[in-house]
Amino acid sequence: MAILKHRTGLGYQFAALKQSAISPGEGKLNASYFYWECDVQPTELGRTYRVLIFYGGDYVPRAFVLSPNLQELAGGKEIPHLYSQEKGYLCLYHPSSGEWNASMSVANDFVPWIYMWLMFFEQWLVLGEWHGGGIHPIRPEHMTTQEKTKKPSKKKKTYHRYPIREKAYKVYENRLKAYNKTVLEAGDEG
Amino acid sequence: MTKSMYPIINEKWTLLREIAESLELTETQKKLAEERYEAVAKVLAESGNPLLEHAKIYPQGSFRLGTSVKPLGREEFDLDFVCHVPIDSSMITSKEIYSVVGDALSSHGTYEKMLEPKKRCWRLNYAGDFHMDITPSTIDEQHSGDGEMVPDKELSDWKESNPIGYAEWVERMDSISPTVSSPRMAMESASIEPLDTDNSNNGVLKKFIQIIKRNRDVYFQEHPLGDYAPISILLTTIAAKAYQMCVERKSYTDMLELFEDVLRAMPRFIQRSNEWGDSKYMVENPSHPKENFAEKWNDSRLYEDAFNTWNSDFIRLVRELRAMEGKGLDVYANKMKELLGKNPVERVIEVRAKSMYDHKSSGTLGILAGLGTVANTASAVTPKKNTFFGS
């Protein structure tokens, strides 16, 4: 058990990301979470995307696209499989299916999903159709009246106030600011 | 500089090649065309006319060469055939041989309704698949070997031709492989090789010809000089000559670099001479020096104008495509749509997307540093299964 905890702990996941050839970048490891920022070029013809990975105390990895702006690329169309259109927060696995568990590798499982998502995203930009498969959760407009009027369960309330996710959002905002600042500065020098 | 026999792995070229291939006749259509022309040959041989008893039908042009390209705006391919009647051209007029073939076809129940007379050939319409244009030919007693005589446009006389010799010439040009010089390729070939199943540079010229013909179709579709667009056999001939010259002189790091060079060299194989202040144009049939593929150009300067404007715009597009690096699939797709039209580009990307999804589902999709998402590569980082979620 001790070994398993070691293998999947924050430090181990962080080190693996650092070593992996498919997630070149940099990040910061804290006591309760880390973030890792890396360049992802999904295919030879693909753009190079700056992606932020956040991994916190809930052992659920999250990925945000810092640049380029996905909404701008989509030209106003709603992008499939995003938790947040504004933040470019990618939906990479089915949360309740056990596709992700804490013993898995962020570097070798989660990062490849980011590549694949971005590959299918660029194909979606060409075709207007998502070919990567996946599941859309039920949207309010598809719910029955009974479902709509049902009071939200306690469980759902806690989900909305999930502090780790709020932390992730905060890190996202900070990293986006920092990233845009470095891009601007690099632009000034050039 | 490392010389390598490996093909130049370049995704831009691979995508362009796949689009060109998607415009070809399908294997089913090819088989169907073969069955159909064999059936026509049988009907002619059994027509009862002794002239046709030993007549042979064989394909010529793009169908024979494997450079056919789906026409714009309609379903049917144009497939060209020769009905060779083994008789000296001095023994019969071109009008007579034209009628003999037409009569034999129109008196047959199946072909009667599909038959359409053209200037110097007979067309059989197979709706939804192709038309078969059948040009009668006789023996050219002046030309040793495989020379033939075909009716001229007005059916008033004979005109030299050599469809078999021409096809053999193009095949010879196509069999010259470009020399690839790429240090990167030599180093990475071990890991890259499995990505490309078609590990050969053969057929590069034929792919170039298809791209050239398709771009001609797209470019002139709504162009004021559309009526002066260069004909396929002229383009095929000068492209083959330009290709031969380029690959014999230089080695290439990138197939698109070779393609751009070929486009640049093409105009110099249109010979111009001045007679009494009048330009005369000549593109000689390499298998029959008397035939001039640029014959029409001597009627109007607009043929040359149309060619030049098309050629320089084409070169510009290819140069722009070559200069692009890591722009995003959608940006490349837009450039390729300019080159080859919207539909084939989207069709090929859809096929790729579906194949990637199948590989993802079967766990054979992985990530390779420097190449991104790849299928069937043992050294790639292959993740566990996932389902893209969320609205």
# chains A, B, ... in the order shown; residues from 1 in each chain; ligands from 1
>>> interface_residues(of="chain A", to="chain B", cutoff="8 Å", atoms="only C-alpha atoms", output="JSON, numbers by chain")
{"A": [21, 22, 41, 42, 43, 44, 45, 46, 47, 48, 80, 81, 82, 83, 91, 92, 93, 94, 95, 99, 108, 109, 110, 112, 113, 115, 116, 117, 119, 120, 122, 123, 125, 126, 127, 131, 132, 133, 134, 135, 136, 137, 139]}
>>> select_by_dssp(residues="chain A", states="strand (DSSP E)", output="number ranges by chain")
A: 25-29, 34-40, 49-55, 61-67, 82-84, 89-90
>>> residues_around(residues="Ser106 of chain B", least_positions_apart="2", cutoff="12 Å", atoms="only C-alpha atoms", output="ChimeraX atom specification")
/B:40,43-44,47,99-104,108-117,122-124
>>> residues_around(residues="segment 153-165 of chain B", least_positions_apart="6", cutoff="8 Å", atoms="only C-alpha atoms", output="PyMOL selection string")
chain B and resi 60-61+89+93-95+119-120+140+146-147+287-288+290-291
>>> write_last_selection(atoms="N, CA and C atoms", output="CSV table (one decimal), in the first residue's frame")
chain,number,residue,atom,x,y,z
B,60,GLN,N,-7.1,3.9,-73.3
B,60,GLN,CA,-6.1,4.9,-73.5
B,60,GLN,C,-6.3,6.0,-72.6
B,61,GLY,N,-5.4,6.9,-72.6
B,61,GLY,CA,-5.5,8.1,-71.8
B,61,GLY,C,-5.4,7.8,-70.3
B,89,SER,N,-4.8,2.2,-93.1
B,89,SER,CA,-5.6,3.4,-93.2
B,89,SER,C,-5.9,3.8,-94.7
B,93,THR,N,-11.8,5.0,-95.5
B,93,THR,CA,-11.8,6.4,-95.0
B,93,THR,C,-12.1,6.4,-93.5
B,94,SER,N,-11.8,7.5,-92.9
B,94,SER,CA,-12.1,7.6,-91.5
B,94,SER,C,-13.6,7.7,-91.2
B,95,LYS,N,-14.3,8.2,-92.2
B,95,LYS,CA,-15.8,8.3,-92.0
B,95,LYS,C,-16.4,6.9,-92.1
B,119,LYS,N,-17.7,13.9,-82.1
B,119,LYS,CA,-17.1,14.3,-83.3
B,119,LYS,C,-16.4,13.2,-84.0
B,120,ARG,N,-15.5,12.5,-83.3
B,120,ARG,CA,-14.7,11.4,-84.0
B,120,ARG,C,-14.7,10.2,-83.1
B,140,ASP,N,-1.3,2.6,-89.1
B,140,ASP,CA,-0.5,3.6,-89.7
B,140,ASP,C,0.7,3.0,-90.4
B,146,ASP,N,4.0,0.7,-83.2
B,146,ASP,CA,2.7,0.7,-82.7
B,146,ASP,C,1.9,1.9,-83.1
B,147,GLY,N,2.3,2.6,-84.2
B,147,GLY,CA,1.6,3.7,-84.7
B,147,GLY,C,0.2,3.4,-85.2
B,287,SER,N,5.7,10.1,-78.3
B,287,SER,CA,5.7,8.8,-79.0
B,287,SER,C,5.2,8.9,-80.4
B,288,HIS,N,5.0,10.1,-80.9
B,288,HIS,CA,4.6,10.3,-82.3
B,288,HIS,C,4.9,11.8,-82.6
B,290,LYS,N,4.8,13.6,-85.0
B,290,LYS,CA,3.9,14.4,-85.9
B,290,LYS,C,2.7,15.0,-85.2
B,291,GLU,N,2.4,14.5,-84.0
B,291,GLU,CA,1.2,15.0,-83.3
B,291,GLU,C,1.6,16.1,-82.3
>>> residues_around(residues="Arg268 of chain B", least_positions_apart="6", cutoff="10 Å", atoms="only C-alpha atoms", output="list in words")
Ile238, Lys241 and Ala242 of chain B
>>> write_last_selection(atoms="C-alpha atoms", output="CSV table (one decimal), in the first residue's frame")
chain,number,residue,atom,x,y,z
B,238,ILE,CA,4.9,18.7,-70.1
B,241,LYS,CA,9.2,16.1,-69.1
B,242,ALA,CA,9.6,18.6,-66.3
>>> residues_around(residues="Ala168 of chain A", least_positions_apart="5", cutoff="10 Å", atoms="only C-alpha atoms", output="PyMOL selection string")
chain A and resi 33-35+52-56+61-64+163+173-174
>>> residues_around(residues="Val170 of chain B", least_positions_apart="3", cutoff="12 Å", atoms="only C-alpha atoms", output="NGL selection string")
:B and (60-62 or 64-67 or 163-167 or 173-176 or 203-206 or 209 or 233 or 235-241 or 243-244 or 285-287)
>>> atom_distance(atom1="atom CA of Glu78 of chain A", atom2="atom CA of Gly128 of chain A")
10.3 Å
>>> closest_residue(among="B:Asn308, B:Ser107, B:Ser137, B:Ser177", to="Pro267 of chain B", atoms="only C-alpha atoms")
B:Asn308
>>> atom_distance(atom1="atom CA of Arg216 of chain B", atom2="atom CA of Val262 of chain B")
15.1 Å
>>> select_by_dssp(residues="segment 96-268 of chain B", states="alpha helix (DSSP H)", output="PyMOL selection string")
chain B and resi 96-106+109-112+163-174+183-192+204-220+232-249+255-265
>>> closest_residue(among="B:Tyr281, B:Phe208, B:Trp310, B:Tyr303", to="Tyr228 of chain B", atoms="only C-alpha atoms")
B:Tyr303
>>> closest_residue(among="A:Tyr179, A:Tyr172, A:Tyr59, A:Phe121", to="Val106 of chain A", atoms="only C-alpha atoms")
A:Tyr59
>>> atom_distance(atom1="atom CA of Lys77 of chain A", atom2="atom CA of Glu338 of chain B")
23.3 Å
